[in-house]
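K.L.:
Structure in structure tokens, see below.
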Amino acid sequence: MSLKIVVLAKQVPDTRNVGKDAMTPEGTVNRQALPAIFNPEDLNALEMALEIKDRVPDTEITILTMGPSRAAEIIRDSMFRGADNGVVLSDRKLGGSDTLATSYAISQAVKKTGKFDIVFGGRQAIDGDTAQVGPQTAEKLEIPQITYAEELVNVDENIITIKRRLERGVEVVKAQFPVLITVHSSAKPCRFYNAKRVMKYKHAFSKSEAEANNLDTNIWNQFPYLKIEEWNAADVEAEDNRIGLTGSPTKVKKIDNVVLTQKENMTIEPTDENLDNLVKNLIDTHIIG
Amino acid sequence: MNNVFVYCEITEENHIADVSLELISKARKLADELKVKVEAIVAGYNVENLENSLYPYGVDIINYAEDKRLFPYQTLPHFSIVTKLIKEKQPQIALFGATSVGRDLAPRVASFLRCGLTADCTSLEIGEYEDKKEGKIIDNLLYQIRPAFGGNIIATIVNPNTRPQMATVREGVMKKEIYNNNHKGEVVKLNVNDYVKDSDFCIEILERHIEQQKINIKGAQIIVCGGYGMASKPDGFKLLHDLAETLGGEVGATRAAVDAGLTEHERQVGQTGVTVRPKLYIGCGVSGAVQHRAGMQESSKIISINTDVNAPLNSIADYTITGDAFEIIPKLIQYYKKNSK
């Protein structure tokens with residue numbers, strides 16, 4: 001008995017740690033200054049997949065990411081933690097894709113990985129927070145979805161039981177394979193690197209990385225596990241009119257820079273007298289008390 | 001007719017959820033501008049007060065799918081009902097709450113219909129759009145407005161070519177407003193078996209534990225809100241709770257503070273949290289990113305306490321206190337106790 005799992009992951013700018021350099025003097029975002037990280041909830045998703053692998057031997061975990069070729073970094077990262085192999089879906093034609101076009105491209109790539117039992121992904125990515133790509137990918141694959149998974153309750157060769165985190169509580173659900181599961185940040189954090197796996201996979205690379213760094217791809221013949229697959233839109237048979245800007249029904253009509261409208265504002269030096277007066281004023285005007 | 005649709009959520013108490021009534025209030029205004037009707041989609045069983053709770057907010061037609069199996073919510077049966085109904089009735093706009101139900105359902109529906117969907121809108125308006133490629137102007141489109149890219153910009157999104165135009169909105173963002181207490185509409189009962197198949201119930205719900213909401217900052221009249229600045233010394237949020245308790249308010253937080261583990265997610269104010277409109281908002285160490293401001297800028301009075309004179313929150317504050325919240329909060333508590341007697 002064995003299971004085949006695909007984990008969807010995304011490399012994202014770290015919007016949670018916006019430092020001083022992250023803004024240009026003009027007040028716009030300096031994207032270069034934001035470090036690229038493994039989307040946090042995708043790591044929770046990877047951990048849940050690894051837990052299944054702990055319980056069901058011979059389970060194979062494939063990481064799938066869509067993005068620029070440097071996204072191979074998060075595939076190596078996943079291999080260090082326990083994933084077996086990975087695919088970068090990368091193509092200029094995919095640039096500008098909204099969630100609908102993205103989920104279409106991803107679903108095509110999932111199909112190309114072959115027969116699968118479970119597709120995992122984080123609930124949402126921190127650069128958009130839409131939480132749309134998971135359910136949309138499930139629809140494109142025509143399989144059921146379980147969103148906001150918090151805990152793997154049970155798994156066997158046919159059935160998985162998952163505890164879901166809802167706004168005001170939890171729900172335990174049981175599903176047969178194939179199924180797509182999105183994982184909530186309240187689930188277990190991902191295990192850290194395994195030293196042996198780091199030694200084994202640290203020289204894994206993709207075709208783009210081979211070209212950029214002049215690496216010898218013949219090593220793949222001897223050590224196939226060192227190959228990070230790289231697919232383009234044609235490789236996954238994605239139709240051009242369903243990806244990129246063309247395939248995205250949402251259009252940006254306009255972008256406004258945030259302009260703060262100055263209110264009539266009173267600046268108060270925090271002396272005892274001033275604070276006392278402020279509180280009195282708020283009580284007198286029935287705002288507090 | 002190309003009406004405006006609102007997917008209605010059902011609460012544990014078997015009522016129409018507040019977020020849906022808020023959306024209906026917005027949908028009513030959009031529909032009046034477009035001169036069309038507002039239709040509700042309700043899928044559940046024995047929903048209490050169905051007509052009396054929906055009509056006053058402006059619903060003209062209630063599409064009601066009633067079946068024991070439709071409560072509690074499950075993705076596939078609700079998905080089948082909503083997609084089939086949308087295909088039959090061709091609404092121009094379909095709105096969903098950005099809740100655990102709406103965020104599960106709406107993307108799947110949008111994917112199936114190949115429609116655009118904008119998450120967590122903070123404003124919805126009707127306007128025109130010039131398609132430069134085709135060289136034509138499209139009237140009466142839904143502007144789906146939301147902050148983006150770390151909150152430094154406000155993006156207006158449109159779906160010029162696909163229908164319905166779909167959007168999700170968080171609870172509390174739109175105002176729940178009675179349209180007309182005498183407004184009446186009609187109920188259209190759906191024959192559920194025409195809409196769902198047995199295989200839609202392939203996921204079995206084994207257990208549910210739904211708690212009463214413990215923290216509810218939405219209704220609080222006074223909110224003491226902590227930002228990441230409150231992490232600079234220990235017990236920052238304890239101090240906020242002391243102030244909130246003294247004033248009879250609740251504690252809110254920015255996303256940075258919640259992500260840093262300083263407090264519960266239920267307290268998060270802003271675009272991806274709760275929208276609040278208290279009488280008094282006191283920001284302590286809150287810089288005031290636009291996503292945060294989107295969730296609190298309609299507060300009647302705003303006080304910003306910050307060591308940074310240039311914190312963006314200061315520019316929308318009525319009072320700015322430049323200084324260390326750790327020193328100022330105890331004094332506010334002290335003076336309140338002294339003066340309120």
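For the structure tokens, the naming scheme is as follows: chains receive sequential letters (A, B, ...) according to their order of presentation, residues are indexed from 1 within each chain, and ligands are indexed from 1 in presentation order.
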Taking the chain letters and numbering used in this document, name the residues of region 199-289 of chain A that DSSP puts in strand (DSSP E), as a count of residues only.

P.N.:
17

K.L.:
Could you build a table of the residues in chain B lying no more than 7 Å from chain A, giving for each the nearest pair of atoms and their separation in Å rounded to one decimal place, using only C-alpha atoms, ordered by chain and ascending residue number, as a tab-separated table?

P.N.:
```
residue	atom	partner	partner_atom	distance
B:Ser100	CA	A:Leu166	CA	6.1
B:Arg103	CA	A:Ala131	CA	6.9
B:Asp104	CA	A:Pro135	CA	6.5
B:Pro107	CA	A:Gln132	CA	5.2
B:Arg108	CA	A:Gln136	CA	4.9
B:Ser111	CA	A:Gln136	CA	5.2
B:Phe112	CA	A:Glu139	CA	6.5
B:Cys115	CA	A:Pro249	CA	6.2
B:Gly116	CA	A:Pro249	CA	4.8
B:Ala119	CA	A:Thr130	CA	5.4
B:Gly150	CA	A:Thr15	CA	6.4
B:Asn152	CA	A:Val258	CA	6.0
B:Ile153	CA	A:Asn257	CA	4.7
B:Ile154	CA	A:Asp256	CA	5.1
B:Ala155	CA	A:Ile255	CA	4.7
B:Thr156	CA	A:Lys254	CA	5.3
B:Ile157	CA	A:Val252	CA	4.6
B:Val158	CA	A:Lys251	CA	5.3
B:Asn159	CA	A:Thr250	CA	4.8
B:Asn161	CA	A:Pro249	CA	6.8
B:Thr162	CA	A:Pro249	CA	6.5
B:Cys202	CA	A:Ala175	CA	6.8
B:Ile203	CA	A:Ala175	CA	4.9
B:Glu204	CA	A:Lys174	CA	5.2
B:Ile205	CA	A:Val173	CA	4.4
B:Leu206	CA	A:Val172	CA	5.4
B:Glu207	CA	A:Val172	CA	5.0
B:Arg208	CA	A:Glu171	CA	4.3
B:His209	CA	A:Val170	CA	5.4
B:Ile210	CA	A:Gly169	CA	4.3
B:Glu211	CA	A:Arg168	CA	5.5
B:Gln212	CA	A:Arg168	CA	6.9
B:Gln213	CA	A:Arg168	CA	6.2
B:Leu247	CA	A:Ile288	CA	6.7
B:Ala256	CA	A:Arg16	CA	6.9
B:Lys279	CA	A:Ile287	CA	6.4
B:Leu280	CA	A:Ile287	CA	6.7
B:Ser315	CA	A:Gln262	CA	5.2
B:Ile316	CA	A:Lys263	CA	5.4
B:Ala317	CA	A:Asn265	CA	6.3
B:Asp318	CA	A:Asn265	CA	4.8
B:Tyr319	CA	A:Met266	CA	4.8
B:Thr320	CA	A:Thr267	CA	4.6
B:Ile321	CA	A:Ile268	CA	4.8
B:Thr322	CA	A:Glu269	CA	6.1
B:Gly323	CA	A:Pro270	CA	6.4
B:Leu332	CA	A:Leu275	CA	6.7
B:Tyr335	CA	A:Asp276	CA	5.6
B:Tyr336	CA	A:Val279	CA	6.1
B:Asn339	CA	A:Lys280	CA	6.4
B:Ser340	CA	A:Gly289	CA	6.4
```

K.L.:
Output C-alpha atoms of each residue in that selection to a file, as a PDB file, in the first residue's frame.

P.N.:
```pdb
ATOM      1  CA  SER B 100     -15.083  30.071   6.088  1.00  0.00           C
ATOM      2  CA  ARG B 103     -14.240  31.448   0.911  1.00  0.00           C
ATOM      3  CA  ASP B 104     -14.729  27.709   0.422  1.00  0.00           C
ATOM      4  CA  PRO B 107     -13.780  30.157  -5.651  1.00  0.00           C
ATOM      5  CA  ARG B 108     -15.102  26.758  -6.651  1.00  0.00           C
ATOM      6  CA  SER B 111     -13.725  28.239 -11.343  1.00  0.00           C
ATOM      7  CA  PHE B 112     -16.620  26.202 -12.705  1.00  0.00           C
ATOM      8  CA  CYS B 115     -15.628  33.911 -13.848  1.00  0.00           C
ATOM      9  CA  GLY B 116     -13.489  36.479 -12.137  1.00  0.00           C
ATOM     10  CA  ALA B 119     -11.546  38.436  -2.493  1.00  0.00           C
ATOM     11  CA  GLY B 150       1.236  45.332   1.218  1.00  0.00           C
ATOM     12  CA  ASN B 152       0.442  50.615  -0.415  1.00  0.00           C
ATOM     13  CA  ILE B 153      -2.111  50.796  -3.170  1.00  0.00           C
ATOM     14  CA  ILE B 154      -5.847  50.502  -3.572  1.00  0.00           C
ATOM     15  CA  ALA B 155      -6.735  48.414  -6.594  1.00  0.00           C
ATOM     16  CA  THR B 156     -10.013  48.694  -8.484  1.00  0.00           C
ATOM     17  CA  ILE B 157     -10.714  45.354 -10.164  1.00  0.00           C
ATOM     18  CA  VAL B 158     -13.321  44.750 -12.881  1.00  0.00           C
ATOM     19  CA  ASN B 159     -14.513  41.672 -14.777  1.00  0.00           C
ATOM     20  CA  ASN B 161     -16.150  39.927 -20.025  1.00  0.00           C
ATOM     21  CA  THR B 162     -17.419  37.304 -17.615  1.00  0.00           C
ATOM     22  CA  CYS B 202     -19.357  12.080  -0.602  1.00  0.00           C
ATOM     23  CA  ILE B 203     -17.692  13.877   2.307  1.00  0.00           C
ATOM     24  CA  GLU B 204     -19.105  12.748   5.600  1.00  0.00           C
ATOM     25  CA  ILE B 205     -19.232  15.095   8.595  1.00  0.00           C
ATOM     26  CA  LEU B 206     -18.410  12.974  11.648  1.00  0.00           C
ATOM     27  CA  GLU B 207     -18.400  15.626  14.371  1.00  0.00           C
ATOM     28  CA  ARG B 208     -18.935  19.348  14.831  1.00  0.00           C
ATOM     29  CA  HIS B 209     -18.059  21.517  17.794  1.00  0.00           C
ATOM     30  CA  ILE B 210     -19.177  25.067  17.288  1.00  0.00           C
ATOM     31  CA  GLU B 211     -18.546  27.398  20.168  1.00  0.00           C
ATOM     32  CA  GLN B 212     -20.355  30.552  21.004  1.00  0.00           C
ATOM     33  CA  GLN B 213     -18.291  33.454  19.887  1.00  0.00           C
ATOM     34  CA  LEU B 247     -13.066  51.979  29.888  1.00  0.00           C
ATOM     35  CA  ALA B 256       1.449  42.201  12.771  1.00  0.00           C
ATOM     36  CA  LYS B 279     -17.249  55.497  19.333  1.00  0.00           C
ATOM     37  CA  LEU B 280     -13.601  55.535  20.385  1.00  0.00           C
ATOM     38  CA  SER B 315      -2.942  61.417   9.916  1.00  0.00           C
ATOM     39  CA  ILE B 316      -6.470  60.060  10.442  1.00  0.00           C
ATOM     40  CA  ALA B 317      -6.387  60.451  14.218  1.00  0.00           C
ATOM     41  CA  ASP B 318      -8.294  63.144  16.089  1.00  0.00           C
ATOM     42  CA  TYR B 319      -5.656  63.123  18.807  1.00  0.00           C
ATOM     43  CA  THR B 320      -2.046  62.074  18.456  1.00  0.00           C
ATOM     44  CA  ILE B 321      -0.109  61.433  21.621  1.00  0.00           C
ATOM     45  CA  THR B 322       3.575  61.242  20.801  1.00  0.00           C
ATOM     46  CA  GLY B 323       5.155  58.996  23.366  1.00  0.00           C
ATOM     47  CA  LEU B 332      -4.871  57.150  31.179  1.00  0.00           C
ATOM     48  CA  TYR B 335      -6.913  59.717  35.209  1.00  0.00           C
ATOM     49  CA  TYR B 336     -10.020  57.875  34.074  1.00  0.00           C
ATOM     50  CA  ASN B 339     -12.259  61.765  36.698  1.00  0.00           C
ATOM     51  CA  SER B 340     -15.110  59.313  36.219  1.00  0.00           C
TER      52      SER B 340
END
```

K.L.:
Just the residues within 7 Å of Gln108 (chain A), please, counting only C-alpha atoms, with nothing from its chain fewer than 5 positions along; format it as a list of chain:residue names.

P.N.:
A:Val236, A:Glu237, A:Ala238

K.L.:
Suppose we keep C-alpha atoms; can you now write the selection as an mmCIF file, in the first residue's frame?

P.N.:
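The resulting file, again-v5.cif, is shown below:
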```cif
data_model
loop_
_atom_site.group_PDB
_atom_site.id
_atom_site.type_symbol
_atom_site.label_atom_id
_atom_site.label_comp_id
_atom_site.auth_asym_id
_atom_site.auth_seq_id
_atom_site.Cartn_x
_atom_site.Cartn_y
_atom_site.Cartn_z
ATOM 1 C CA VAL A 236 1.439 20.738 -19.212
ATOM 2 C CA GLU A 237 -0.734 21.316 -22.299
ATOM 3 C CA ALA A 238 -2.106 24.596 -20.958
#
```

K.L.:
Suppose you want the space between CA of Gly285 (chain B) and CA of Gly249 (chain B); what is it in Å?

P.N.:
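CA of Gly285 (chain B) sits 17.8 Å away from CA of Gly249 (chain B).
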
K.L.:
Would you list the contacts of Phe192 (chain A) as a PyMOL selection string, taking every protein, DNA or RNA residue within 12 Å and counting only C-alpha atoms, but skipping same-chain residues closer than 5 positions in sequence?

P.N.:
chain A and resi 43-44+46-47+50+77-82+197-198

K.L.:
Write out as a list in words each polymer residue whose atoms come within 8 Å of Val187 (chain B), counting only C-alpha atoms; drop sequence neighbours fewer than 2 positions from it.

P.N.:
Glu51, Ile61, Ile62, Asn63, Tyr64, Gly185 and Lys189 of chain B

K.L.:
Dump N, CA and C atoms for the selected residues as a PDB file, in the first residue's frame?

P.N.:
```
ATOM      1  N   GLU B  51     -38.478  34.788   5.457  1.00  0.00           N
ATOM      2  CA  GLU B  51     -38.969  35.940   4.697  1.00  0.00           C
ATOM      3  C   GLU B  51     -38.873  37.230   5.498  1.00  0.00           C
ATOM      4  N   ILE B  61     -36.489  38.406  -4.442  1.00  0.00           N
ATOM      5  CA  ILE B  61     -36.757  36.994  -4.703  1.00  0.00           C
ATOM      6  C   ILE B  61     -35.842  36.147  -3.825  1.00  0.00           C
ATOM      7  N   ILE B  62     -36.455  35.199  -3.107  1.00  0.00           N
ATOM      8  CA  ILE B  62     -35.660  34.252  -2.316  1.00  0.00           C
ATOM      9  C   ILE B  62     -35.682  32.914  -3.049  1.00  0.00           C
ATOM     10  N   ASN B  63     -34.540  32.484  -3.504  1.00  0.00           N
ATOM     11  CA  ASN B  63     -34.424  31.158  -4.097  1.00  0.00           C
ATOM     12  C   ASN B  63     -34.081  30.196  -2.964  1.00  0.00           C
ATOM     13  N   TYR B  64     -35.045  29.351  -2.615  1.00  0.00           N
ATOM     14  CA  TYR B  64     -34.888  28.555  -1.392  1.00  0.00           C
ATOM     15  C   TYR B  64     -34.782  27.078  -1.727  1.00  0.00           C
ATOM     16  N   GLY B 185     -41.300  40.448  -0.977  1.00  0.00           N
ATOM     17  CA  GLY B 185     -40.831  39.766  -2.178  1.00  0.00           C
ATOM     18  C   GLY B 185     -41.514  38.432  -2.323  1.00  0.00           C
ATOM     19  N   LYS B 189     -39.320  28.167  -4.455  1.00  0.00           N
ATOM     20  CA  LYS B 189     -38.791  26.927  -3.875  1.00  0.00           C
ATOM     21  C   LYS B 189     -38.136  26.096  -4.977  1.00  0.00           C
TER      22      LYS B 189
END
```

K.L.:
Can you list every residue in region 248-286 of chain B that DSSP puts in helix (DSSP H, G or I), as a list in words?

P.N.:
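Residues of region 248-286 of chain B classed as helix (DSSP H, G or I): Arg255, Ala256, Ala257, Val258, Asp259, His265, Glu266 and Arg267 of chain B.
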
K.L.:
Return the single residue from A:Leu180, A:Val87, A:Leu245, A:Ile219 that is closest to Ala71 (chain A), with distances computed using only C-alpha atoms.

P.N.:
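Residue with the minimum atom-to-atom distance to Ala71 (chain A): A:Val87.
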
K.L.:
List the neighbours of Asn85 (chain A) out to 8 Å using only C-alpha atoms; skip same-chain residues closer than 3 positions along the sequence, and give me the result as a PyMOL selection string.

P.N.:
chain A and resi 61-63+75+79+225+228

K.L.:
Rounded to one decimal place, report the CA of Asp156 (chain A)-CA of Val56 (chain A) distance in Å.

P.N.:
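CA of Val56 (chain A) lies at a distance of 7.3 Å from CA of Asp156 (chain A).
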
K.L.:
Leaving out region 21-29 of chain B and any residue of its chain fewer than 2 positions from it, which residues lie within 6 Å of it when counting only C-alpha atoms, given as a PyMOL selection string?

P.N.:
chain B and resi 18-19+31-32+57-58+174-177

K.L.:
Store the residues picked out above in a file with N, CA, C and O atoms, as an mmCIF file, in the first residue's frame.

P.N.:
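Done, and the output landed in part-v8.cif:
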```cif
data_model
loop_
_atom_site.group_PDB
_atom_site.id
_atom_site.type_symbol
_atom_site.label_atom_id
_atom_site.label_comp_id
_atom_site.auth_asym_id
_atom_site.auth_seq_id
_atom_site.Cartn_x
_atom_site.Cartn_y
_atom_site.Cartn_z
ATOM 1 N N ASP B 18 -25.476 37.552 9.733
ATOM 2 C CA ASP B 18 -25.337 39.008 9.607
ATOM 3 C C ASP B 18 -24.584 39.406 8.334
ATOM 4 O O ASP B 18 -24.961 40.357 7.657
ATOM 5 N N VAL B 19 -23.509 38.669 8.044
ATOM 6 C CA VAL B 19 -22.699 39.045 6.877
ATOM 7 C C VAL B 19 -23.566 39.042 5.610
ATOM 8 O O VAL B 19 -23.406 39.882 4.718
ATOM 9 N N ALA B 31 -28.395 47.220 -7.001
ATOM 10 C CA ALA B 31 -29.520 46.849 -7.863
ATOM 11 C C ALA B 31 -30.357 48.066 -8.228
ATOM 12 O O ALA B 31 -30.834 48.186 -9.369
ATOM 13 N N ASP B 32 -30.544 48.983 -7.280
ATOM 14 C CA ASP B 32 -31.306 50.205 -7.579
ATOM 15 C C ASP B 32 -30.603 51.012 -8.655
ATOM 16 O O ASP B 32 -31.241 51.563 -9.559
ATOM 17 N N TYR B 57 -34.558 44.045 4.263
ATOM 18 C CA TYR B 57 -33.261 44.524 3.765
ATOM 19 C C TYR B 57 -33.251 44.711 2.250
ATOM 20 O O TYR B 57 -32.254 45.127 1.683
ATOM 21 N N GLY B 58 -34.381 44.353 1.617
ATOM 22 C CA GLY B 58 -34.491 44.680 0.203
ATOM 23 C C GLY B 58 -34.463 43.518 -0.758
ATOM 24 O O GLY B 58 -34.278 43.708 -1.958
ATOM 25 N N MET B 174 -19.599 45.987 5.088
ATOM 26 C CA MET B 174 -20.765 46.724 4.607
ATOM 27 C C MET B 174 -21.720 46.943 5.797
ATOM 28 O O MET B 174 -21.741 46.165 6.734
ATOM 29 N N LYS B 175 -22.502 47.986 5.702
ATOM 30 C CA LYS B 175 -23.434 48.272 6.800
ATOM 31 C C LYS B 175 -24.764 47.572 6.570
ATOM 32 O O LYS B 175 -25.331 47.629 5.489
ATOM 33 N N LYS B 176 -25.253 46.937 7.645
ATOM 34 C CA LYS B 176 -26.569 46.303 7.580
ATOM 35 C C LYS B 176 -27.594 47.401 7.794
ATOM 36 O O LYS B 176 -27.594 48.043 8.841
ATOM 37 N N GLU B 177 -28.419 47.652 6.772
ATOM 38 C CA GLU B 177 -29.375 48.759 6.884
ATOM 39 C C GLU B 177 -30.751 48.304 6.415
ATOM 40 O O GLU B 177 -30.874 47.716 5.336
#
```

K.L.:
Counting only C-alpha atoms, figure out which residue out of A:Gly114, A:Pro57, A:Gly95, A:Gly67 gets nearest to Val155 (chain A).

P.N.:
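So, comparing all the options, the nearest one is A:Pro57.
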
K.L.:
Between CA of Val196 (chain B) and CA of His78 (chain B), what is the distance, to one decimal in Å?

P.N.:
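Between CA of Val196 (chain B) and CA of His78 (chain B) the gap works out to 8.1 Å.
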